[in-house]
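Novice: final05.pdb is reproduced in full below (PDB, C-alpha atoms).
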ATOM      1  CA  MET A   1       0.000   0.000   0.000  1.00  0.00           C
ATOM      2  CA  THR A   2       1.362   3.404  -0.958  1.00  0.00           C
ATOM      3  CA  ASP A   3       1.475   6.000   1.797  1.00  0.00           C
ATOM      4  CA  THR A   4      -0.869   8.908   1.209  1.00  0.00           C
ATOM      5  CA  PRO A   5      -0.330  12.143   3.171  1.00  0.00           C
ATOM      6  CA  ALA A   6      -3.019  10.991   5.624  1.00  0.00           C
ATOM      7  CA  ASN A   7      -1.314   7.617   6.082  1.00  0.00           C
ATOM      8  CA  SER A   8       2.023   9.344   6.502  1.00  0.00           C
ATOM      9  CA  THR A   9       0.559  11.540   9.235  1.00  0.00           C
ATOM     10  CA  LEU A  10      -0.817   8.467  10.993  1.00  0.00           C
ATOM     11  CA  HIS A  11       2.592   6.779  10.850  1.00  0.00           C
ATOM     12  CA  ASP A  12       4.261   9.915  12.202  1.00  0.00           C
ATOM     13  CA  GLY A  13       1.730  10.019  15.030  1.00  0.00           C
ATOM     14  CA  ALA A  14       2.325   6.371  15.845  1.00  0.00           C
ATOM     15  CA  ARG A  15       6.076   6.954  15.950  1.00  0.00           C
ATOM     16  CA  ALA A  16       5.601   9.970  18.236  1.00  0.00           C
ATOM     17  CA  ALA A  17       3.335   7.945  20.523  1.00  0.00           C
ATOM     18  CA  ALA A  18       5.867   5.123  20.622  1.00  0.00           C
ATOM     19  CA  TYR A  19       8.600   7.479  21.829  1.00  0.00           C
ATOM     20  CA  ALA A  20       8.066   9.533  24.948  1.00  0.00           C
ATOM     21  CA  PRO A  21      11.108  11.064  26.662  1.00  0.00           C
ATOM     22  CA  PRO A  22      11.759   9.995  30.268  1.00  0.00           C
ATOM     23  CA  THR A  23      11.391  13.663  31.250  1.00  0.00           C
ATOM     24  CA  THR A  24       7.616  13.153  31.055  1.00  0.00           C
ATOM     25  CA  ARG A  25       5.567  10.944  33.355  1.00  0.00           C
ATOM     26  CA  ASP A  26       4.345   8.711  30.520  1.00  0.00           C
ATOM     27  CA  GLY A  27       7.854   8.418  29.102  1.00  0.00           C
ATOM     28  CA  TRP A  28       9.341   7.612  32.492  1.00  0.00           C
ATOM     29  CA  GLN A  29       6.798   4.902  33.189  1.00  0.00           C
ATOM     30  CA  GLN A  30       7.375   3.492  29.721  1.00  0.00           C
ATOM     31  CA  PHE A  31      11.119   3.424  30.396  1.00  0.00           C
ATOM     32  CA  VAL A  32      10.671   1.690  33.759  1.00  0.00           C
ATOM     33  CA  ALA A  33       8.217  -0.879  32.395  1.00  0.00           C
ATOM     34  CA  THR A  34      10.265  -1.836  29.315  1.00  0.00           C
ATOM     35  CA  PRO A  35      12.220  -5.025  30.033  1.00  0.00           C
ATOM     36  CA  PRO A  36      15.701  -5.411  28.545  1.00  0.00           C
ATOM     37  CA  LEU A  37      15.826  -7.237  25.218  1.00  0.00           C
ATOM     38  CA  GLN A  38      17.005 -10.808  25.416  1.00  0.00           C
ATOM     39  CA  PRO A  39      19.492 -11.918  22.727  1.00  0.00           C
ATOM     40  CA  HIS A  40      18.785 -14.976  20.636  1.00  0.00           C
ATOM     41  CA  PRO A  41      21.430 -17.669  20.195  1.00  0.00           C
ATOM     42  CA  ALA A  42      23.899 -16.631  17.510  1.00  0.00           C
ATOM     43  CA  ALA A  43      22.928 -19.597  15.347  1.00  0.00           C
ATOM     44  CA  ASP A  44      19.193 -18.882  15.568  1.00  0.00           C
ATOM     45  CA  GLU A  45      18.072 -18.420  11.968  1.00  0.00           C
ATOM     46  CA  ASP A  46      14.720 -17.020  13.112  1.00  0.00           C
ATOM     47  CA  TRP A  47      16.449 -13.939  14.503  1.00  0.00           C
ATOM     48  CA  SER A  48      16.136 -11.461  11.652  1.00  0.00           C
ATOM     49  CA  LEU A  49      18.659  -8.791  10.776  1.00  0.00           C
ATOM     50  CA  GLU A  50      16.186  -6.136  11.901  1.00  0.00           C
ATOM     51  CA  GLU A  51      15.841  -7.815  15.309  1.00  0.00           C
ATOM     52  CA  ARG A  52      19.617  -7.994  15.640  1.00  0.00           C
ATOM     53  CA  LEU A  53      19.982  -4.302  14.806  1.00  0.00           C
ATOM     54  CA  ASP A  54      17.215  -3.445  17.257  1.00  0.00           C
ATOM     55  CA  TYR A  55      18.942  -5.400  20.007  1.00  0.00           C
ATOM     56  CA  HIS A  56      22.336  -3.775  19.422  1.00  0.00           C
ATOM     57  CA  SER A  57      20.837  -0.279  19.213  1.00  0.00           C
ATOM     58  CA  ARG A  58      19.556  -0.636  22.789  1.00  0.00           C
ATOM     59  CA  PHE A  59      22.856  -0.726  24.604  1.00  0.00           C
ATOM     60  CA  VAL A  60      23.263  -3.169  27.451  1.00  0.00           C
ATOM     61  CA  VAL A  61      23.947  -1.315  30.703  1.00  0.00           C
ATOM     62  CA  LEU A  62      26.585  -2.913  32.896  1.00  0.00           C
ATOM     63  CA  THR A  63      26.884  -2.145  36.598  1.00  0.00           C
ATOM     64  CA  THR A  64      30.248  -0.508  37.197  1.00  0.00           C
ATOM     65  CA  PRO A  65      32.044   0.096  40.520  1.00  0.00           C
ATOM     66  CA  ALA A  66      31.203   3.797  40.192  1.00  0.00           C
ATOM     67  CA  MET A  67      27.490   3.004  39.819  1.00  0.00           C
ATOM     68  CA  GLU A  68      27.648   0.738  42.866  1.00  0.00           C
ATOM     69  CA  ARG A  69      29.285   3.520  44.941  1.00  0.00           C
ATOM     70  CA  ILE A  70      26.659   6.023  43.823  1.00  0.00           C
ATOM     71  CA  SER A  71      23.818   3.598  44.613  1.00  0.00           C
ATOM     72  CA  LEU A  72      25.228   2.931  48.080  1.00  0.00           C
ATOM     73  CA  SER A  73      25.584   6.670  48.753  1.00  0.00           C
ATOM     74  CA  LEU A  74      22.007   7.222  47.591  1.00  0.00           C
ATOM     75  CA  ARG A  75      20.600   4.517  49.877  1.00  0.00           C
ATOM     76  CA  ARG A  76      22.406   6.059  52.852  1.00  0.00           C
ATOM     77  CA  LEU A  77      21.173   9.542  51.984  1.00  0.00           C
ATOM     78  CA  MET A  78      17.584   8.392  51.677  1.00  0.00           C
ATOM     79  CA  LEU A  79      17.809   6.833  55.130  1.00  0.00           C
ATOM     80  CA  LEU A  80      19.222  10.067  56.563  1.00  0.00           C
ATOM     81  CA  ASN A  81      16.536  12.132  54.819  1.00  0.00           C
ATOM     82  CA  ARG A  82      13.640   9.952  55.911  1.00  0.00           C
ATOM     83  CA  ARG A  83      12.677  12.139  58.891  1.00  0.00           C
ATOM     84  CA  GLN A  84      14.293  15.399  57.792  1.00  0.00           C
ATOM     85  CA  GLN A  85      11.917  18.345  58.111  1.00  0.00           C
ATOM     86  CA  GLY A  86      12.169  22.112  58.015  1.00  0.00           C
ATOM     87  CA  THR A  87      15.318  22.369  55.888  1.00  0.00           C
ATOM     88  CA  ALA A  88      16.462  21.078  52.530  1.00  0.00           C
ATOM     89  CA  ARG A  89      17.378  17.407  52.640  1.00  0.00           C
ATOM     90  CA  ARG A  90      20.843  16.162  51.833  1.00  0.00           C
ATOM     91  CA  GLY A  91      21.436  15.756  48.119  1.00  0.00           C
ATOM     92  CA  LEU A  92      23.876  13.889  45.915  1.00  0.00           C
ATOM     93  CA  ILE A  93      25.874  15.222  42.955  1.00  0.00           C
ATOM     94  CA  VAL A  94      27.007  12.829  40.213  1.00  0.00           C
ATOM     95  CA  SER A  95      29.875  14.553  38.406  1.00  0.00           C
ATOM     96  CA  GLY A  96      32.267  13.597  35.631  1.00  0.00           C
ATOM     97  CA  PRO A  97      33.523  14.381  32.148  1.00  0.00           C
ATOM     98  CA  PRO A  98      31.099  14.271  29.204  1.00  0.00           C
ATOM     99  CA  THR A  99      29.927  10.875  27.871  1.00  0.00           C
ATOM    100  CA  THR A 100      30.945   8.931  30.983  1.00  0.00           C
ATOM    101  CA  GLY A 101      27.484   7.614  31.834  1.00  0.00           C
ATOM    102  CA  LYS A 102      26.069  10.147  34.286  1.00  0.00           C
ATOM    103  CA  THR A 103      22.608  10.258  32.718  1.00  0.00           C
ATOM    104  CA  THR A 104      22.606   6.479  32.320  1.00  0.00           C
ATOM    105  CA  THR A 105      23.466   6.144  36.006  1.00  0.00           C
ATOM    106  CA  LEU A 106      20.574   8.423  36.993  1.00  0.00           C
ATOM    107  CA  LEU A 107      18.146   6.512  34.810  1.00  0.00           C
ATOM    108  CA  GLU A 108      19.211   3.118  36.121  1.00  0.00           C
ATOM    109  CA  MET A 109      19.106   4.254  39.762  1.00  0.00           C
ATOM    110  CA  GLY A 110      15.643   5.682  39.212  1.00  0.00           C
ATOM    111  CA  ARG A 111      14.399   2.551  37.486  1.00  0.00           C
ATOM    112  CA  THR A 112      15.776   0.298  40.235  1.00  0.00           C
ATOM    113  CA  PHE A 113      14.195   2.407  42.969  1.00  0.00           C
ATOM    114  CA  GLU A 114      10.826   2.657  41.215  1.00  0.00           C
ATOM    115  CA  LEU A 115      10.630  -1.104  40.602  1.00  0.00           C
ATOM    116  CA  ALA A 116      11.502  -1.716  44.265  1.00  0.00           C
ATOM    117  CA  GLU A 117       8.712   0.667  45.309  1.00  0.00           C
ATOM    118  CA  GLN A 118       6.262  -1.137  43.031  1.00  0.00           C
ATOM    119  CA  ARG A 119       7.126  -4.431  44.716  1.00  0.00           C
ATOM    120  CA  ARG A 120       6.802  -2.801  48.142  1.00  0.00           C
ATOM    121  CA  HIS A 121       3.408  -1.263  47.309  1.00  0.00           C
ATOM    122  CA  PRO A 122       1.747  -3.613  44.785  1.00  0.00           C
ATOM    123  CA  GLY A 123      -1.299  -2.292  43.001  1.00  0.00           C
ATOM    124  CA  ARG A 124      -0.762   1.324  44.066  1.00  0.00           C
ATOM    125  CA  THR A 125      -1.287   3.489  41.001  1.00  0.00           C
ATOM    126  CA  ASP A 126      -1.694   6.703  42.986  1.00  0.00           C
ATOM    127  CA  ARG A 127       2.027   7.022  43.720  1.00  0.00           C
ATOM    128  CA  LEU A 128       4.930   8.498  41.757  1.00  0.00           C
ATOM    129  CA  PRO A 129       8.140   7.389  43.488  1.00  0.00           C
ATOM    130  CA  VAL A 130      10.552   9.000  40.992  1.00  0.00           C
ATOM    131  CA  VAL A 131      10.707  12.203  38.951  1.00  0.00           C
ATOM    132  CA  PHE A 132      13.322  12.689  36.220  1.00  0.00           C
ATOM    133  CA  LEU A 133      14.018  15.982  34.478  1.00  0.00           C
ATOM    134  CA  ALA A 134      16.791  17.993  32.865  1.00  0.00           C
ATOM    135  CA  VAL A 135      17.741  21.619  33.509  1.00  0.00           C
ATOM    136  CA  PRO A 136      16.878  23.722  30.441  1.00  0.00           C
ATOM    137  CA  PRO A 137      19.616  25.875  28.879  1.00  0.00           C
ATOM    138  CA  ALA A 138      19.690  29.435  30.263  1.00  0.00           C
ATOM    139  CA  SER A 139      17.149  28.322  32.830  1.00  0.00           C
ATOM    140  CA  THR A 140      15.157  30.705  34.992  1.00  0.00           C
ATOM    141  CA  PRO A 141      13.329  29.666  38.184  1.00  0.00           C
ATOM    142  CA  LYS A 142      10.018  29.615  36.318  1.00  0.00           C
ATOM    143  CA  MET A 143      11.484  27.519  33.495  1.00  0.00           C
ATOM    144  CA  LEU A 144      12.839  25.014  36.005  1.00  0.00           C
ATOM    145  CA  VAL A 145       9.608  24.549  37.917  1.00  0.00           C
ATOM    146  CA  SER A 146       7.756  24.402  34.585  1.00  0.00           C
ATOM    147  CA  GLU A 147       9.869  21.326  33.745  1.00  0.00           C
ATOM    148  CA  PHE A 148       8.487  19.691  36.886  1.00  0.00           C
ATOM    149  CA  ALA A 149       4.978  20.666  35.802  1.00  0.00           C
ATOM    150  CA  ARG A 150       5.566  19.242  32.322  1.00  0.00           C
ATOM    151  CA  PHE A 151       6.709  15.935  33.808  1.00  0.00           C
ATOM    152  CA  LEU A 152       3.579  15.796  35.957  1.00  0.00           C
ATOM    153  CA  GLY A 153       1.252  16.845  33.151  1.00  0.00           C
ATOM    154  CA  ILE A 154       0.126  20.005  34.954  1.00  0.00           C
ATOM    155  CA  SER A 155      -1.413  22.512  32.559  1.00  0.00           C
ATOM    156  CA  ILE A 156       0.208  25.914  32.970  1.00  0.00           C
ATOM    157  CA  ALA A 157      -1.931  28.921  32.148  1.00  0.00           C
ATOM    158  CA  ALA A 158      -0.191  31.951  30.691  1.00  0.00           C
ATOM    159  CA  ARG A 159      -1.252  34.049  33.669  1.00  0.00           C
ATOM    160  CA  MET A 160       0.307  31.693  36.256  1.00  0.00           C
ATOM    161  CA  ASN A 161       3.393  33.056  37.944  1.00  0.00           C
ATOM    162  CA  GLN A 162       6.365  31.183  39.340  1.00  0.00           C
ATOM    163  CA  ALA A 163       4.942  30.915  42.865  1.00  0.00           C
ATOM    164  CA  GLN A 164       1.641  29.485  41.623  1.00  0.00           C
ATOM    165  CA  ILE A 165       3.355  26.854  39.475  1.00  0.00           C
ATOM    166  CA  THR A 166       5.657  25.964  42.375  1.00  0.00           C
ATOM    167  CA  ASP A 167       2.693  25.536  44.736  1.00  0.00           C
ATOM    168  CA  ALA A 168       0.914  23.267  42.251  1.00  0.00           C
ATOM    169  CA  VAL A 169       4.046  21.154  41.673  1.00  0.00           C
ATOM    170  CA  CYS A 170       4.888  20.762  45.367  1.00  0.00           C
ATOM    171  CA  HIS A 171       1.291  19.949  46.288  1.00  0.00           C
ATOM    172  CA  LEU A 172       1.021  17.216  43.670  1.00  0.00           C
ATOM    173  CA  LEU A 173       4.432  15.682  44.407  1.00  0.00           C
ATOM    174  CA  CYS A 174       3.524  15.455  48.087  1.00  0.00           C
ATOM    175  CA  LEU A 175       0.193  13.805  47.223  1.00  0.00           C
ATOM    176  CA  LEU A 176       1.975  11.328  44.941  1.00  0.00           C
ATOM    177  CA  GLU A 177       4.520  10.482  47.676  1.00  0.00           C
ATOM    178  CA  THR A 178       7.530  11.189  45.467  1.00  0.00           C
ATOM    179  CA  LYS A 179      10.728  10.042  47.202  1.00  0.00           C
ATOM    180  CA  LEU A 180      13.437  10.559  44.580  1.00  0.00           C
ATOM    181  CA  VAL A 181      13.987  13.528  42.241  1.00  0.00           C
ATOM    182  CA  LEU A 182      16.647  13.115  39.550  1.00  0.00           C
ATOM    183  CA  VAL A 183      17.907  16.324  37.923  1.00  0.00           C
ATOM    184  CA  ASP A 184      20.211  16.058  34.919  1.00  0.00           C
ATOM    185  CA  ASP A 185      22.418  18.716  33.271  1.00  0.00           C
ATOM    186  CA  VAL A 186      22.896  20.863  36.388  1.00  0.00           C
ATOM    187  CA  HIS A 187      26.159  22.152  34.889  1.00  0.00           C
ATOM    188  CA  LEU A 188      23.945  24.470  32.832  1.00  0.00           C
ATOM    189  CA  LEU A 189      23.268  26.455  36.009  1.00  0.00           C
ATOM    190  CA  ASP A 190      25.803  29.284  36.357  1.00  0.00           C
ATOM    191  CA  THR A 191      25.463  30.843  39.808  1.00  0.00           C
ATOM    192  CA  ARG A 192      27.662  33.745  38.686  1.00  0.00           C
ATOM    193  CA  THR A 193      24.667  35.052  36.749  1.00  0.00           C
ATOM    194  CA  ARG A 194      21.498  36.380  38.338  1.00  0.00           C
ATOM    195  CA  SER A 195      19.176  33.876  36.631  1.00  0.00           C
ATOM    196  CA  GLY A 196      21.495  30.979  37.465  1.00  0.00           C
ATOM    197  CA  ALA A 197      21.725  31.958  41.117  1.00  0.00           C
ATOM    198  CA  GLU A 198      17.958  32.419  41.356  1.00  0.00           C
ATOM    199  CA  THR A 199      17.360  29.050  39.696  1.00  0.00           C
ATOM    200  CA  SER A 200      19.753  27.405  42.139  1.00  0.00           C
ATOM    201  CA  ASP A 201      17.791  29.009  44.983  1.00  0.00           C
ATOM    202  CA  GLN A 202      14.577  27.681  43.441  1.00  0.00           C
ATOM    203  CA  MET A 203      16.058  24.170  43.477  1.00  0.00           C
ATOM    204  CA  LYS A 204      16.850  24.540  47.182  1.00  0.00           C
ATOM    205  CA  HIS A 205      13.325  25.805  47.800  1.00  0.00           C
ATOM    206  CA  LEU A 206      11.872  22.736  46.095  1.00  0.00           C
ATOM    207  CA  GLY A 207      14.126  20.537  48.213  1.00  0.00           C
ATOM    208  CA  GLU A 208      12.667  22.125  51.349  1.00  0.00           C
ATOM    209  CA  ARG A 209       9.050  21.656  50.277  1.00  0.00           C
ATOM    210  CA  ILE A 210       9.180  18.217  48.666  1.00  0.00           C
ATOM    211  CA  PRO A 211       9.924  15.284  51.026  1.00  0.00           C
ATOM    212  CA  ALA A 212      12.270  13.654  48.545  1.00  0.00           C
ATOM    213  CA  THR A 213      15.990  13.093  48.027  1.00  0.00           C
ATOM    214  CA  PHE A 214      17.430  15.113  45.140  1.00  0.00           C
ATOM    215  CA  VAL A 215      20.195  13.673  42.947  1.00  0.00           C
ATOM    216  CA  TYR A 216      21.929  16.001  40.484  1.00  0.00           C
ATOM    217  CA  ALA A 217      24.157  15.094  37.541  1.00  0.00           C
ATOM    218  CA  GLY A 218      26.339  17.372  35.463  1.00  0.00           C
ATOM    219  CA  VAL A 219      29.653  17.807  33.695  1.00  0.00           C
ATOM    220  CA  ASP A 220      32.515  18.479  36.126  1.00  0.00           C
ATOM    221  CA  VAL A 221      30.450  20.065  38.909  1.00  0.00           C
ATOM    222  CA  ASP A 222      32.138  18.371  41.874  1.00  0.00           C
ATOM    223  CA  VAL A 223      34.193  20.316  44.404  1.00  0.00           C
ATOM    224  CA  ASP A 224      37.458  18.715  43.272  1.00  0.00           C
ATOM    225  CA  VAL A 225      37.620  20.591  39.982  1.00  0.00           C
ATOM    226  CA  ASP A 226      38.772  24.135  39.374  1.00  0.00           C
ATOM    227  CA  VAL A 227      36.119  26.673  40.401  1.00  0.00           C
ATOM    228  CA  GLU A 228      36.364  28.279  36.961  1.00  0.00           C
ATOM    229  CA  ALA A 229      35.233  24.983  35.434  1.00  0.00           C
ATOM    230  CA  SER A 230      32.377  24.591  37.917  1.00  0.00           C
ATOM    231  CA  PRO A 231      30.215  27.741  37.859  1.00  0.00           C
ATOM    232  CA  LEU A 232      27.411  25.860  39.623  1.00  0.00           C
ATOM    233  CA  LEU A 233      29.358  25.849  42.913  1.00  0.00           C
ATOM    234  CA  THR A 234      30.918  29.297  42.635  1.00  0.00           C
TER     235      THR A 234
END
What is this file in structure tokens?

Specialist:
Amino acid sequence: MTDTPANSTLHDGARAAAYAPPTTRDGWQQFVATPPLQPHPAADEDWSLEERLDYHSRFVVLTTPAMERISLSLRRLMLLNRRQQGTARRGLIVSGPPTTGKTTTLLEMGRTFELAEQRRHPGRTDRLPVVFLAVPPASTPKMLVSEFARFLGISIAARMNQAQITDAVCHLLCLLETKLVLVDDVHLLDTRTRSGAETSDQMKHLGERIPATFVYAGVDVDVDVDVEASPLLT
């Protein structure tokens, strides 16, 4: 059958529906629920070339010593934060050079925690244990909290200000019993600028109002690097 424009639109819509980024609630749940592909025996003639390519395009994630250290640190932090009230809870920064697996580590930690929560609370569909988002480039406080709202599917009216969006986000995350917030690309926050400093303050404010442990990942944002290379911690 030849694709007509209408058919082409349908195919495009199906492809868009099949892919949802993990920075949205639907995309995150799709990521968590998708089991890893199992390879066929090499001599299996029923394994088509397309299936082989599909398998190899979804990279196998191996647990490294660094991932194990980060997971152990996270478990300890979550225990320490369990009864923390009144101030921002302790957070964790995952730092390293580009392309070293920081985002992959966040995703795998989030998936592991969410699956554990599902086993601990079977049948509970009114909970959202994990939130995953990325800091937008040149972020402002309103842009940052809007990313939370986008993940949650909260409709933002044009007249809503930053405080109103923040209230809606914090209220819903508390109702959903969110315990882990994963924030990627924090190196985009430059506290030497006014907007960067205000966005960093907004992150701290969210940490005070949401009873969850925050984990941040970014390029070379740890305290061991030169301050000039780490504007987040200036």

Novice: Using only C-alpha atoms, which of A:Leu77, A:Ala212, A:Ala66, A:Val145 sits nearest Leu92 of chain A?

Specialist: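 Closest residue, counting only C-alpha atoms: A:Leu77.
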
Novice: Starting from the PyMOL selection byres ((chain A and resi 106-116) around 9), expand the selection into actual residues of this file and give them as a PyMOL selection string.

Specialist: chain A and resi 22+28+31-33+61+67+70-71+74+94+101-105+117-121+128-132+180-184+215-217

Novice: Output the selection as a PDB file, in the coordinates of the input - C-alpha atoms for each residue.

Specialist:
ATOM      1  CA  PRO A  22      11.759   9.995  30.268  1.00  0.00           C
ATOM      2  CA  TRP A  28       9.341   7.612  32.492  1.00  0.00           C
ATOM      3  CA  PHE A  31      11.119   3.424  30.396  1.00  0.00           C
ATOM      4  CA  VAL A  32      10.671   1.690  33.759  1.00  0.00           C
ATOM      5  CA  ALA A  33       8.217  -0.879  32.395  1.00  0.00           C
ATOM      6  CA  VAL A  61      23.947  -1.315  30.703  1.00  0.00           C
ATOM      7  CA  MET A  67      27.490   3.004  39.819  1.00  0.00           C
ATOM      8  CA  ILE A  70      26.659   6.023  43.823  1.00  0.00           C
ATOM      9  CA  SER A  71      23.818   3.598  44.613  1.00  0.00           C
ATOM     10  CA  LEU A  74      22.007   7.222  47.591  1.00  0.00           C
ATOM     11  CA  VAL A  94      27.007  12.829  40.213  1.00  0.00           C
ATOM     12  CA  GLY A 101      27.484   7.614  31.834  1.00  0.00           C
ATOM     13  CA  LYS A 102      26.069  10.147  34.286  1.00  0.00           C
ATOM     14  CA  THR A 103      22.608  10.258  32.718  1.00  0.00           C
ATOM     15  CA  THR A 104      22.606   6.479  32.320  1.00  0.00           C
ATOM     16  CA  THR A 105      23.466   6.144  36.006  1.00  0.00           C
ATOM     17  CA  GLU A 117       8.712   0.667  45.309  1.00  0.00           C
ATOM     18  CA  GLN A 118       6.262  -1.137  43.031  1.00  0.00           C
ATOM     19  CA  ARG A 119       7.126  -4.431  44.716  1.00  0.00           C
ATOM     20  CA  ARG A 120       6.802  -2.801  48.142  1.00  0.00           C
ATOM     21  CA  HIS A 121       3.408  -1.263  47.309  1.00  0.00           C
ATOM     22  CA  LEU A 128       4.930   8.498  41.757  1.00  0.00           C
ATOM     23  CA  PRO A 129       8.140   7.389  43.488  1.00  0.00           C
ATOM     24  CA  VAL A 130      10.552   9.000  40.992  1.00  0.00           C
ATOM     25  CA  VAL A 131      10.707  12.203  38.951  1.00  0.00           C
ATOM     26  CA  PHE A 132      13.322  12.689  36.220  1.00  0.00           C
ATOM     27  CA  LEU A 180      13.437  10.559  44.580  1.00  0.00           C
ATOM     28  CA  VAL A 181      13.987  13.528  42.241  1.00  0.00           C
ATOM     29  CA  LEU A 182      16.647  13.115  39.550  1.00  0.00           C
ATOM     30  CA  VAL A 183      17.907  16.324  37.923  1.00  0.00           C
ATOM     31  CA  ASP A 184      20.211  16.058  34.919  1.00  0.00           C
ATOM     32  CA  VAL A 215      20.195  13.673  42.947  1.00  0.00           C
ATOM     33  CA  TYR A 216      21.929  16.001  40.484  1.00  0.00           C
ATOM     34  CA  ALA A 217      24.157  15.094  37.541  1.00  0.00           C
TER      35      ALA A 217
END

Novice: Taking all atoms of segment 44-59 of chain A that the file lists, what box with edges along x, y and z, padded by 8 Å per side, do you get, with centre and edge lengths in Å to one decimal, as lines of an AutoDock Vina configuration file?

Specialist:
center_x = 18.8
center_y = -9.6
center_z = 17.7
size_x = 24.1
size_y = 34.6
size_z = 29.8

Novice: What is the distance, in Å and to one decimal place, between atom CA of Leu152 of chain A and atom CA of Asp26 of chain A?

Specialist: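 Those two atoms sit 9.0 Å apart.
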
Novice: Using only C-alpha atoms, determine which residues lie at most 10 Å from Pro36 of chain A, disregarding the query and same-chain residues fewer than 4 positions distant; provide the list as a PyMOL selection string.

Specialist: chain A and resi 55+58-61

Novice: Given the file shown, enumerate the residues that the PyMOL selection byres ((chain A and resi 96) around 8) captures and present them as a ChimeraX atom specification.

Specialist: /A:94-95,97-98,100,102,218-222

Novice: Give the answer as one residue: which of A:Ile210, A:Ile93, A:Leu49, A:Ala43 has the shortest atom-to-atom distance to Leu175 of chain A, using only C-alpha atoms?

Specialist: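 Of all the options, A:Ile210 lies closest to Leu175 of chain A.
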
Novice: For each of A:Asp167, A:Glu45, A:Asp190, A:Glu50, take the minimum atom-to-atom distance to Leu206 of chain A, counting all atoms listed in the file, then give the residue where this is smallest.

Specialist: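 Once distances to Leu206 of chain A are computed over all atoms listed in the file, the minimum belongs to A:Asp167.
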
Novice: Any idea what's packed within 10 Å of segment 147-150 of chain A, counting all atoms listed in the file, ignoring anything in its chain fewer than 6 positions away? Could you give it as a PDB file with C-alpha atoms, in the coordinates of the input?

Specialist:
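The result, written out as out33.pdb:
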ATOM      1  CA  THR A  23      11.391  13.663  31.250  1.00  0.00           C
ATOM      2  CA  THR A  24       7.616  13.153  31.055  1.00  0.00           C
ATOM      3  CA  ARG A  25       5.567  10.944  33.355  1.00  0.00           C
ATOM      4  CA  VAL A 131      10.707  12.203  38.951  1.00  0.00           C
ATOM      5  CA  PHE A 132      13.322  12.689  36.220  1.00  0.00           C
ATOM      6  CA  LEU A 133      14.018  15.982  34.478  1.00  0.00           C
ATOM      7  CA  ALA A 134      16.791  17.993  32.865  1.00  0.00           C
ATOM      8  CA  VAL A 135      17.741  21.619  33.509  1.00  0.00           C
ATOM      9  CA  PRO A 136      16.878  23.722  30.441  1.00  0.00           C
ATOM     10  CA  ILE A 156       0.208  25.914  32.970  1.00  0.00           C
ATOM     11  CA  ILE A 165       3.355  26.854  39.475  1.00  0.00           C
ATOM     12  CA  THR A 166       5.657  25.964  42.375  1.00  0.00           C
ATOM     13  CA  ALA A 168       0.914  23.267  42.251  1.00  0.00           C
ATOM     14  CA  VAL A 169       4.046  21.154  41.673  1.00  0.00           C
ATOM     15  CA  CYS A 170       4.888  20.762  45.367  1.00  0.00           C
ATOM     16  CA  LEU A 172       1.021  17.216  43.670  1.00  0.00           C
ATOM     17  CA  LEU A 173       4.432  15.682  44.407  1.00  0.00           C
ATOM     18  CA  VAL A 181      13.987  13.528  42.241  1.00  0.00           C
TER      19      VAL A 181
END

Novice: From the list A:Pro39, A:Lys179, A:His56, A:Gln29, which residue is nearest Thr213 of chain A when using only C-alpha atoms?

Specialist: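 With only C-alpha atoms as the atom set, the closest residue is A:Lys179.
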
Novice: Between A:Trp47, A:Tyr19, A:Phe214, A:Phe151, which has the minimum distance to Val186 of chain A (counting all atoms listed in the file)?

Specialist: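 Of all the options, A:Phe214 lies closest to Val186 of chain A.
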
Novice: Could you name the residues that touch Ser195 of chain A at 12 Å or less, counting all atoms listed in the file, but leaving out those on the same chain fewer than 5 positions away, as a PyMOL selection string?

Specialist: chain A and resi 137-144+188-190+200-202+232

Novice: For the atom pair atom CA of Leu176 of chain A and atom CA of Thr125 of chain A, what is the interatomic distance in Å to one decimal place?

Specialist: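 Atom-to-atom, atom CA of Leu176 of chain A to atom CA of Thr125 of chain A, that is 9.4 Å.
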
Novice: Starting from the incomplete input, reconstruct N, CA, C and O atoms of segment 36-41 of chain A and write that as a compact mmCIF listing (two decimals), in the coordinates of the input.

Specialist:
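Everything below was put into result_7.txt:
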# COMPACT_ATOMS: atom_id res chain seq x y z
N PRO A 36 14.57 -5.35 29.48
CA PRO A 36 15.70 -5.41 28.54
C PRO A 36 15.49 -6.50 27.50
O PRO A 36 14.89 -7.55 27.77
N LEU A 37 15.94 -6.24 26.29
CA LEU A 37 15.83 -7.24 25.22
C LEU A 37 16.72 -8.44 25.52
O LEU A 37 17.85 -8.28 26.01
N GLN A 38 16.23 -9.59 25.22
CA GLN A 38 17.00 -10.81 25.42
C GLN A 38 17.59 -11.26 24.08
O GLN A 38 16.86 -11.41 23.10
N PRO A 39 18.90 -11.49 24.00
CA PRO A 39 19.49 -11.92 22.73
C PRO A 39 19.12 -13.35 22.38
O PRO A 39 18.95 -14.18 23.27
N HIS A 40 18.99 -13.61 21.11
CA HIS A 40 18.78 -14.98 20.64
C HIS A 40 20.14 -15.66 20.51
O HIS A 40 21.18 -15.00 20.40
N PRO A 41 20.16 -16.98 20.50
CA PRO A 41 21.43 -17.67 20.20
C PRO A 41 21.97 -17.23 18.84
O PRO A 41 21.21 -16.95 17.91
